file query.txt (compact mmCIF, C-alpha atoms)
# COMPACT_ATOMS: atom_id res chain seq x y z
CA MET A 1 3.00 11.88 21.44
CA ASN A 2 4.51 9.21 19.20
CA ASN A 3 7.55 9.86 17.05
CA VAL A 4 7.19 8.17 13.67
CA GLY A 5 10.08 8.26 11.22
CA PHE A 6 10.36 7.41 7.54
CA ILE A 7 13.47 6.20 5.76
CA GLY A 8 12.48 6.78 2.16
CA THR A 9 10.08 9.48 1.03
CA GLY A 10 9.10 8.22 -2.41
CA ASN A 11 5.51 7.91 -3.57
CA MET A 12 4.45 5.34 -0.98
CA GLY A 13 6.26 6.82 1.99
CA PHE A 14 5.02 10.28 1.12
CA ALA A 15 1.48 8.94 0.68
CA ILE A 16 1.51 7.48 4.20
CA MET A 17 2.87 10.70 5.68
CA GLN A 18 0.27 12.71 3.81
CA GLY A 19 -2.41 10.34 5.04
CA ILE A 20 -1.31 10.77 8.65
CA SER A 21 -1.13 14.55 8.29
CA LYS A 22 -4.73 14.65 7.03
CA SER A 23 -6.09 12.18 9.59
CA SER A 24 -7.30 12.29 13.17
CA LEU A 25 -3.85 11.14 14.33
CA LYS A 26 -2.08 14.30 13.21
CA ASP A 27 -2.16 15.88 16.68
CA ASN A 28 -0.70 12.78 18.34
CA VAL A 29 2.14 11.99 15.93
CA ASN A 30 5.43 13.75 15.25
CA LEU A 31 6.67 12.89 11.76
CA PHE A 32 10.36 12.63 10.84
CA ALA A 33 11.81 11.82 7.42
CA PHE A 34 15.05 11.06 5.63
CA ASP A 35 15.82 10.36 1.99
CA LEU A 36 19.05 10.39 0.01
CA LYS A 37 17.24 12.32 -2.73
CA SER A 38 17.04 15.91 -1.58
CA GLU A 39 14.16 16.80 -3.89
CA SER A 40 12.09 13.89 -2.57
CA LEU A 41 12.87 14.82 1.02
CA GLU A 42 12.19 18.52 0.56
CA ARG A 43 8.56 17.97 -0.42
CA CYS A 44 8.00 16.55 3.08
CA SER A 45 9.18 19.72 4.82
CA SER A 46 5.66 21.02 5.48
CA ILE A 47 4.50 17.84 7.27
CA ALA A 48 7.65 16.32 8.78
CA THR A 49 10.90 17.23 10.50
CA LEU A 50 13.69 16.53 8.03
CA CYS A 51 16.51 14.34 9.31
CA SER A 52 20.15 14.35 8.25
CA SER A 53 20.62 10.55 8.11
CA GLU A 54 19.08 7.17 8.79
CA LYS A 55 20.83 7.24 12.18
CA ASP A 56 19.06 10.51 12.97
CA VAL A 57 15.68 8.88 12.30
CA LEU A 58 16.48 5.85 14.51
CA GLN A 59 17.67 8.01 17.39
CA LYS A 60 14.55 10.19 17.34
CA CYS A 61 11.80 7.65 16.62
CA LYS A 62 10.33 4.55 18.21
CA TYR A 63 8.39 3.69 15.03
CA VAL A 64 10.56 3.56 11.91
CA PHE A 65 9.03 3.00 8.49
CA LEU A 66 11.22 1.41 5.84
CA ALA A 67 9.88 2.91 2.62
CA VAL A 68 12.75 2.30 0.21
CA LYS A 69 13.02 0.01 -2.81
CA PRO A 70 13.41 -3.69 -1.93
CA GLN A 71 16.56 -3.78 -4.04
CA VAL A 72 18.40 -1.40 -1.65
CA ILE A 73 17.13 -2.73 1.68
CA GLU A 74 20.33 -4.67 2.43
CA GLY A 75 22.36 -1.47 2.47
CA VAL A 76 19.76 0.41 4.50
CA LEU A 77 19.60 -2.30 7.17
CA ALA A 78 23.39 -2.40 7.33
CA THR A 79 23.36 1.35 7.97
CA ILE A 80 20.77 1.26 10.76
CA LYS A 81 21.53 -2.05 12.50
CA ASP A 82 23.72 -0.49 15.21
CA TYR A 83 20.90 1.88 16.17
CA VAL A 84 18.02 -0.61 16.31
CA THR A 85 17.08 -1.34 19.93
CA LYS A 86 14.66 -3.73 21.61
CA ASP A 87 12.17 -0.83 21.75
CA THR A 88 12.36 0.11 18.06
CA VAL A 89 9.37 -0.93 15.98
CA ILE A 90 10.37 -1.41 12.34
CA VAL A 91 7.48 -1.03 9.92
CA SER A 92 8.31 -2.49 6.53
CA ILE A 93 6.23 -1.68 3.46
CA LEU A 94 8.69 -3.43 1.14
CA ALA A 95 7.26 -6.07 -1.17
CA GLY A 96 8.68 -9.51 -0.48
CA ILE A 97 10.88 -8.57 2.48
CA THR A 98 10.24 -10.86 5.46
CA GLY A 99 10.40 -10.17 9.16
CA GLU A 100 13.01 -12.90 9.54
CA TYR A 101 15.28 -11.16 7.07
CA ILE A 102 14.98 -7.83 8.88
CA LYS A 103 15.82 -9.56 12.17
CA SER A 104 18.82 -11.31 10.61
CA GLN A 105 20.21 -7.99 9.41
CA THR A 106 19.54 -5.97 12.60
CA ILE A 107 18.93 -7.67 15.97
CA PRO A 108 17.43 -11.16 16.56
CA ASP A 109 14.56 -9.83 18.70
CA ALA A 110 13.70 -6.84 16.52
CA LYS A 111 10.06 -5.79 16.59
CA VAL A 112 8.64 -5.79 13.06
CA VAL A 113 5.32 -5.02 11.45
CA LEU A 114 4.89 -5.98 7.79
CA VAL A 115 2.52 -3.77 5.81
CA MET A 116 1.29 -3.77 2.23
CA PRO A 117 -0.40 -0.39 1.73
CA ASN A 118 -1.51 1.41 -1.43
CA THR A 119 -1.30 4.95 -2.78
CA PRO A 120 -4.98 5.93 -2.20
CA LEU A 121 -3.74 6.63 1.33
CA LEU A 122 -3.03 10.08 -0.14
CA LEU A 123 -6.79 10.67 -0.12
CA ASN A 124 -7.50 8.81 3.13
CA GLU A 125 -8.92 5.94 1.04
CA GLY A 126 -6.11 3.44 1.51
CA ALA A 127 -6.40 -0.33 1.70
CA SER A 128 -3.62 -1.86 3.80
CA ALA A 129 -2.79 -5.41 4.83
CA LEU A 130 -0.75 -5.81 8.02
CA SER A 131 1.01 -8.65 9.82
CA PRO A 132 2.67 -8.43 13.27
CA VAL A 133 5.99 -10.21 13.79
CA SER A 134 6.86 -11.30 17.34
CA PRO A 135 7.93 -9.83 19.73
CA VAL A 136 6.01 -6.68 18.72
CA SER A 137 3.34 -6.07 21.36
CA ASN A 138 -0.39 -5.79 20.75
CA ASP A 139 -0.30 -2.11 21.72
CA GLU A 140 2.54 -1.40 19.31
CA PHE A 141 0.88 -3.30 16.49
CA ASN A 142 -2.46 -1.60 17.17
CA PHE A 143 -0.79 1.81 17.01
CA VAL A 144 0.71 0.99 13.61
CA ARG A 145 -2.66 -0.31 12.46
CA SER A 146 -4.32 2.88 13.72
CA ILE A 147 -2.11 4.86 11.34
CA PHE A 148 -3.49 2.97 8.38
CA ASN A 149 -7.04 2.82 9.77
CA SER A 150 -6.99 6.59 10.09
CA CYS A 151 -6.51 6.97 6.35
CA GLY A 152 -8.34 3.98 4.95
CA LYS A 153 -9.26 0.37 5.76
CA THR A 154 -7.06 -2.46 6.98
CA ALA A 155 -6.97 -6.23 7.21
CA VAL A 156 -4.69 -8.36 9.40
CA LEU A 157 -3.10 -11.36 7.67
CA THR A 158 -0.58 -13.99 8.63
CA ALA A 159 2.94 -13.25 7.45
CA ASP A 160 2.89 -16.12 4.93
CA LYS A 161 0.17 -14.33 2.89
CA MET A 162 1.85 -10.94 2.65
CA LYS A 163 3.27 -11.69 -0.80
CA GLU A 164 0.02 -13.03 -2.24
CA VAL A 165 -1.94 -9.98 -1.05
CA ILE A 166 0.24 -7.54 -3.01
CA ALA A 167 -1.76 -8.10 -6.19
CA ILE A 168 -5.04 -7.63 -4.32
CA ASN A 169 -4.44 -4.21 -2.82
CA GLY A 170 -0.86 -3.05 -3.28
CA SER A 171 -0.52 -3.31 -7.06
CA SER A 172 -4.20 -3.43 -8.02
CA PRO A 173 -4.63 0.36 -8.29
CA ALA A 174 -2.27 0.32 -11.29
CA PHE A 175 -4.25 -2.52 -12.86
CA ILE A 176 -7.49 -0.62 -12.30
CA TYR A 177 -6.03 2.56 -13.79
CA LEU A 178 -5.01 0.65 -16.92
CA TYR A 179 -8.54 -0.78 -17.17
CA ALA A 180 -9.99 2.73 -16.74
CA LYS A 181 -7.67 4.11 -19.41
CA ALA A 182 -9.09 1.69 -21.97
CA PHE A 183 -12.64 2.90 -21.32
CA ILE A 184 -11.69 6.58 -21.36
CA ASP A 185 -9.61 6.19 -24.53
CA TYR A 186 -12.61 4.51 -26.17
CA ALA A 187 -14.86 7.39 -25.14
CA VAL A 188 -12.49 10.02 -26.54
CA GLU A 189 -12.13 8.08 -29.81
CA ASN A 190 -15.91 8.24 -30.11
CA GLY A 191 -16.28 11.96 -29.51
CA ILE A 192 -16.92 12.09 -25.77
CA SER A 193 -14.77 14.59 -23.89
CA GLU A 194 -12.02 13.13 -21.72
CA LYS A 195 -13.31 14.99 -18.66
CA SER A 196 -16.87 13.72 -19.06
CA ALA A 197 -15.65 10.17 -19.64
CA THR A 198 -13.30 10.35 -16.66
CA ASP A 199 -15.99 11.73 -14.35
CA LEU A 200 -18.56 9.17 -15.43
CA PHE A 201 -16.24 6.15 -15.33
CA ALA A 202 -14.60 7.14 -12.04
CA GLN A 203 -18.01 7.55 -10.40
CA SER A 204 -19.02 4.18 -11.83
CA LEU A 205 -15.98 2.65 -10.13
CA ILE A 206 -16.87 4.34 -6.83
CA GLY A 207 -20.50 3.27 -7.05
CA SER A 208 -19.63 -0.28 -8.08
CA ALA A 209 -17.19 -0.57 -5.17
CA LYS A 210 -19.91 0.55 -2.77
CA MET A 211 -22.25 -2.03 -4.26
CA ILE A 212 -19.63 -4.73 -3.60
CA THR A 213 -19.14 -3.69 0.03
CA ASP A 214 -22.58 -2.45 1.05
CA SER A 215 -25.33 -3.99 -1.11
CA GLY A 216 -25.28 -7.48 0.36
CA TYR A 217 -25.29 -9.05 -3.11
CA THR A 218 -22.63 -11.48 -4.35
CA LEU A 219 -20.45 -10.53 -7.30
CA ASP A 220 -22.34 -12.93 -9.55
CA GLU A 221 -25.64 -11.38 -8.46
CA LEU A 222 -24.33 -7.88 -9.11
CA ILE A 223 -23.23 -8.84 -12.63
CA LYS A 224 -26.65 -10.32 -13.32
CA MET A 225 -28.41 -7.16 -12.06
CA VAL A 226 -26.73 -5.11 -14.81
CA SER A 227 -27.13 -7.72 -17.53
CA SER A 228 -30.57 -7.60 -19.16
CA PRO A 229 -31.21 -10.57 -21.52
CA GLY A 230 -30.27 -9.61 -25.05
CA GLY A 231 -29.01 -6.21 -23.90
CA THR A 232 -25.89 -4.13 -24.35
CA THR A 233 -24.13 -5.30 -21.18
CA LEU A 234 -24.31 -8.94 -22.15
CA ALA A 235 -22.95 -8.09 -25.59
CA GLY A 236 -19.95 -6.47 -23.93
CA LEU A 237 -19.53 -9.24 -21.38
CA ASP A 238 -19.45 -11.80 -24.19
CA GLU A 239 -16.31 -10.12 -25.55
CA LEU A 240 -14.69 -10.07 -22.12
CA TYR A 241 -15.46 -13.76 -21.68
CA LYS A 242 -14.04 -14.50 -25.14
CA GLY A 243 -10.88 -12.66 -24.14
CA ASN A 244 -10.68 -14.67 -20.91
CA LEU A 245 -10.57 -11.55 -18.75
CA THR A 246 -10.74 -13.53 -15.50
CA ASP A 247 -7.94 -15.88 -16.58
CA ILE A 248 -5.75 -12.96 -17.66
CA THR A 249 -6.42 -11.22 -14.35
CA LYS A 250 -5.41 -14.35 -12.42
CA LYS A 251 -2.21 -14.57 -14.48
CA CYS A 252 -1.56 -10.91 -13.69
CA CYS A 253 -1.90 -11.65 -9.96
CA GLU A 254 0.29 -14.76 -10.23
CA SER A 255 3.02 -12.80 -11.99
CA CYS A 256 2.85 -10.11 -9.32
CA THR A 257 3.18 -12.73 -6.56
CA LYS A 258 6.02 -14.54 -8.36
CA ARG A 259 7.99 -11.29 -8.48
CA ALA A 260 7.38 -10.76 -4.77
CA TYR A 261 8.94 -14.16 -4.06
CA GLU A 262 11.88 -13.28 -6.30
CA LEU A 263 12.41 -10.13 -4.24
CA SER A 264 11.93 -12.02 -0.98
CA LYS A 265 14.69 -11.94 1.58
call {"tool": "encode", "arguments": {"input": "query.txt", "output": "structure tokens"}}
result
Amino acid sequence: MNNVGFIGTGNMGFAIMQGISKSSLKDNVNLFAFDLKSESLERCSSIATLCSSEKDVLQKCKYVFLAVKPQVIEGVLATIKDYVTKDTVIVSILAGITGEYIKSQTIPDAKVVLVMPNTPLLLNEGASALSPVSPVSNDEFNFVRSIFNSCGKTAVLTADKMKEVIAINGSSPAFIYLYAKAFIDYAVENGISEKSATDLFAQSLIGSAKMITDSGYTLDELIKMVSSPGGTTLAGLDELYKGNLTDITKKCCESCTKRAYELSK
């Protein structure tokens, strides 16, 4: 049985805990949690043992997830540094925070795994990028990866790409939701019920995603398959091209990455 603790039980930390509790790992993992916000911590009471402090989490758990805001990580690491041992595995899901910084604020040979997850973990449909930081062992890294594999899909990246990937999977759900909102708002404005529009567009997203992963066609081929000459799709695509959708999306990703570097420690 592995003891896995969370410092921070906000949306992302809670999503990971929920994912574990709904996954095949639930019988092999004991969850522990601490948060300064009592209301945030209390919602975890049905799936985790509530701890009284960060120290309590460190003393009970080998695997410790840092799930706080990047802006407060300095204080959190200062609080836990005396309780980090050579056996502790620190799992950071904080945007921009490097393994070197965590080591500098705890112990020089701290074991660290960097992770960029996303909130669909709540539904066991997460997409998580992971990077091991020496001296974490293969077994320890594989256990952390198994947590995220059990509630979604994972990819292993080098540490120097963990900021760039944030826009791809960490922040992208918000961008997709905004895109979806525009379609659903349009439908409602034109007399289609919000529920019908939501159901139809959400299923279109699911189906399109499956086409990307499972059809064997390239993205350009998939676009062409939907675009009959002189048809409605091409008329819509023309407006998206005029609005430089791809350029705007790249700028969105660049801005996301720039902020990650600004937060980097």
call {"tool": "closest_atom_pairs", "arguments": {"input": "query.txt", "of": "range 137-214 of chain A", "to": "range 98-111 of chain A", "cutoff": "9 Å", "atoms": "all atoms listed in the file", "output": "Markdown table"}}
result
| residue | atom | partner | partner_atom | distance |
| --- | --- | --- | --- | --- |
| A:Ser137 | CA | A:Lys111 | CA | 8.2 |
| A:Ala159 | CA | A:Thr98 | CA | 7.9 |
| A:Met162 | CA | A:Thr98 | CA | 8.8 |
call {"tool": "residues_around", "arguments": {"input": "query.txt", "residues": "range 222-231 of chain A", "least_positions_apart": "5", "cutoff": "10 Å", "atoms": "only C-alpha atoms", "output": "ChimeraX atom specification"}}
result
/A:208,211-212,215-217,236-237
call {"tool": "atom_distance", "arguments": {"input": "query.txt", "atom1": "CA of Val112 in chain A", "atom2": "CA of Ser134 in chain A"}}
result
7.2 Å
call {"tool": "axis_aligned_box", "arguments": {"input": "query.txt", "around": "range 20-28 of chain A", "padding_each_side": "5 Å", "output": "JSON"}}
result
{"center_x": -4.0, "center_y": 13.3, "center_z": 12.7, "size_x": 16.6, "size_y": 15.1, "size_z": 21.3}
call {"tool": "closest_atom_pairs", "arguments": {"input": "query.txt", "of": "range 83-182 of chain A", "to": "range 1-8 of chain A", "cutoff": "10 Å", "atoms": "all atoms listed in the file", "output": "CSV"}}
result
residue,atom,partner,partner_atom,distance
A:Val89,CA,A:Val4,CA,9.6
A:Ile90,CA,A:Gly5,CA,9.7
A:Val91,CA,A:Phe6,CA,9.2
A:Phe143,CA,A:Asn2,CA,9.4
A:Val144,CA,A:Val4,CA,9.7
